[in-house]
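Q: Dumping the structure here so I can ask a few things about it.
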Amino acid sequence: MTSPPVLRRRLRAVPLYVTVWVVGVVMVTPLLYALVSGFKSTDQLSDNAFGLPSPWVVSNYTGLLSDGAFWRAIGSSTLIAVATTVLTVATAALAAFALARFAFRGRELLFTLFTMGLMFPFAVAILPLFILLRTFGLLDNPWGVILPQAAFGLPMTIVILRGFFRAIPGELEEAATLDGCSPFGFFWRILLPMARPALGTVSVLAVVTSWNNFLLPLLVFSDSTWWTIPVGVQQFQGQYGTDIARVFAYLVLAMAPALAFYAVAERQLIGGITMGATKG
């Protein structure tokens, strides 16, 4: 028999469980609808928008999976996301190390300037950024997307990593120094391994942000060779706007890599955020 305190705790948790289930249903329903609609024909969507396909049109998905343009978009998005993540995390880790472990004049002011970057909307910089990229010949070049994405990703990454680096006890650094470890040696051999949850968190955020970025690749790439998945979705929708079922299939396949990556990295992301909140 359940004791009264346990019963009261379970009753208090009921609204939380109900809220989680409602939010989950709201989020999953559009994904399931798009998945099922991709197996229909456009006529089936017009006649029976919410029913099951009859018959199931598998060619919508198989046709896209055999399309070279789709795989080029996947490859372009993957390359840009990985390069952006490596550049952002490597640069931000060095900056966060200096801002967290070294005392110098103007350190807090410099950190404040980085945090102000969080309030700087990307859309405001579109025109000067386009002129700058054109001046340096980075249009239709993947570096024209990688470098700005890394720059706009630095503020958030530095803020997260600095908090983790500051939580490392100073006694550990003193012991490493007494053992003959240089500051960079302490950073590379001790600090980075201890900050793996934080590095995993910012890496996941950088990959997802880059994968979902639409405006910058649309601005930089006029050649379809380097179109990323979001730009490919927009171009595909414009080309096959009347074939709605095929557009649904493209959307599902475009989301699949990001959803798979997030499913694999979810524990790392949540664990890093939780550890940061505990240490902070």
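Order determines the names: the first chain of the structure tokens is A, the second B, and so forth; residues in each chain are numbered 1 upward, and ligands are numbered 1 upward as they are shown.
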Could you list, as a count of residues only, every residue within 7 Å of Thr42 of chain A, counting only C-alpha atoms and ignoring same-chain residues fewer than 5 positions away?
A: 3
Q: Show me a table, sorted first by chain and then by increasing residue number, of the residues of segment 63-107 of chain A having an atom at most 10 Å from segment 171-195 of chain A, each with its shortest atom pair and the distance in Å to one decimal, counting only C-alpha atoms and written as a tab-separated table.
A:
residue	atom	partner	partner_atom	distance
A:Ala93	CA	A:Leu192	CA	8.4
A:Leu94	CA	A:Phe187	CA	8.5
A:Phe97	CA	A:Phe187	CA	7.4
A:Ala98	CA	A:Phe187	CA	9.8
A:Arg101	CA	A:Glu173	CA	9.2
A:Phe102	CA	A:Pro183	CA	9.7
Q: Mind checking which residues fall within 8 Å of Arg72 of chain A, counting only C-alpha atoms, ignoring those fewer than 6 positions away in the same chain, and posting them as a ChimeraX atom specification?
A: /A:225-227
Q: Just the selected residues (C-alpha atoms), exported as a JSON list (two decimals), in the first residue's frame, please.
A:
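Ended up saving to result.json:
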[["chain", "number", "residue", "atom", "x", "y", "z"],
["A", 225, "THR", "CA", 27.08, 23.13, -55.86],
["A", 226, "TRP", "CA", 27.36, 24.53, -52.32],
["A", 227, "TRP", "CA", 23.68, 24.83, -51.43]]
Q: Between A:Val220, A:Ile131, A:Ala96, A:Leu259, which is the closest to Arg162 of chain A once you count only C-alpha atoms?
A: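 Ranking A:Val220, A:Ile131, A:Ala96, A:Leu259 by distance to Arg162 of chain A, first place goes to A:Ala96.
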Q: One number please: atom CA of Asn60 of chain A to atom CA of Tyr250 of chain A, in Å, one decimal.
A: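 Spanning atom CA of Asn60 of chain A to atom CA of Tyr250 of chain A is a straight-line distance of 8.3 Å.
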Q: Which of segment 21-252 of chain A counts as helix (DSSP H, G or I) under DSSP, as a PyMOL selection string please?
A: chain A and resi 21-37+42-47+59-65+68-101+107-119+122-135+143-167+170-178+183-194+196-212+215-220+224-226+229-239+244-252
Q: Suppose you want the space between atom CA of Val25 of chain A and atom CA of Trp56 of chain A; what is it in Å?
A: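 So the answer is 24.3 Å.
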Q: Please determine, counting only C-alpha atoms, which residue among A:Ile80, A:Val233, A:Ile146, A:Leu16 has the shortest atom-to-atom distance to Ala249 of chain A.
A: A:Val233
Q: Looking at A:Val23, A:Pro155, A:Ala69, A:Phe39, which one is nearest to Thr115 of chain A, with distances taken over only C-alpha atoms?
A: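 Closest to Thr115 of chain A of all the choices is A:Pro155.
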Q: Could you tell me how far atom CA of Ala73 of chain A sits from atom CA of Ile229 of chain A, in Å to one decimal place?
A: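 Atom CA of Ile229 of chain A sits 5.1 Å away from atom CA of Ala73 of chain A.
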Q: At a cut-off of 12 Å, using only C-alpha atoms, what residues contact Thr112 of chain A? Leave out same-chain residues fewer than 6 positions from it and give the result as a list in words.
A: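 Those residues are Leu99, Gly106, Leu118, Met119, Pro155, Met156, Ile158 and Val159 of chain A.
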Q: Name the residues in contact with Leu253 of chain A at a cut-off of 10 Å, using only C-alpha atoms, excluding same-chain residues fewer than 5 positions from it; report them as a short mmCIF file (atom, residue, chain, number, x, y, z; two decimals) with N, CA, C and O atoms, in the first residue's frame.
A:
data_model
loop_
_atom_site.label_atom_id
_atom_site.label_comp_id
_atom_site.auth_asym_id
_atom_site.auth_seq_id
_atom_site.Cartn_x
_atom_site.Cartn_y
_atom_site.Cartn_z
N LEU A 35 5.82 13.03 -42.18
CA LEU A 35 6.33 11.72 -42.57
C LEU A 35 5.28 10.93 -43.34
O LEU A 35 5.57 10.36 -44.42
N GLY A 38 4.44 12.36 -46.80
CA GLY A 38 5.44 12.09 -47.82
C GLY A 38 5.19 10.80 -48.57
O GLY A 38 5.73 10.59 -49.66
N TYR A 61 10.17 9.18 -51.58
CA TYR A 61 11.40 9.10 -50.80
C TYR A 61 12.54 8.48 -51.59
O TYR A 61 13.68 8.98 -51.57
N LEU A 64 14.13 10.86 -54.10
CA LEU A 64 15.03 11.86 -53.51
C LEU A 64 16.35 11.23 -53.07
O LEU A 64 17.41 11.86 -53.19
N LEU A 65 16.28 10.02 -52.53
CA LEU A 65 17.50 9.35 -52.07
C LEU A 65 18.43 9.00 -53.22
O LEU A 65 19.63 8.78 -52.99
N PHE A 70 20.38 16.22 -53.77
CA PHE A 70 20.05 16.09 -52.35
C PHE A 70 21.29 15.71 -51.54
O PHE A 70 21.55 16.28 -50.47
N ILE A 74 23.39 17.60 -48.49
CA ILE A 74 23.75 16.95 -47.23
C ILE A 74 25.26 17.10 -46.98
O ILE A 74 25.70 17.45 -45.87
N ILE A 229 21.28 22.28 -46.87
CA ILE A 229 19.95 21.68 -46.77
C ILE A 229 18.84 22.73 -46.68
O ILE A 229 17.83 22.64 -47.39
N VAL A 247 7.33 17.50 -51.63
CA VAL A 247 7.96 18.51 -50.76
C VAL A 247 7.99 18.02 -49.32
O VAL A 247 8.99 18.19 -48.60
N PHE A 248 6.90 17.37 -48.88
CA PHE A 248 6.88 16.80 -47.53
C PHE A 248 7.99 15.75 -47.38
O PHE A 248 8.68 15.70 -46.34
N ALA A 258 19.69 15.85 -38.81
CA ALA A 258 19.75 16.68 -37.60
C ALA A 258 19.08 15.99 -36.43
O ALA A 258 19.59 16.03 -35.29
#
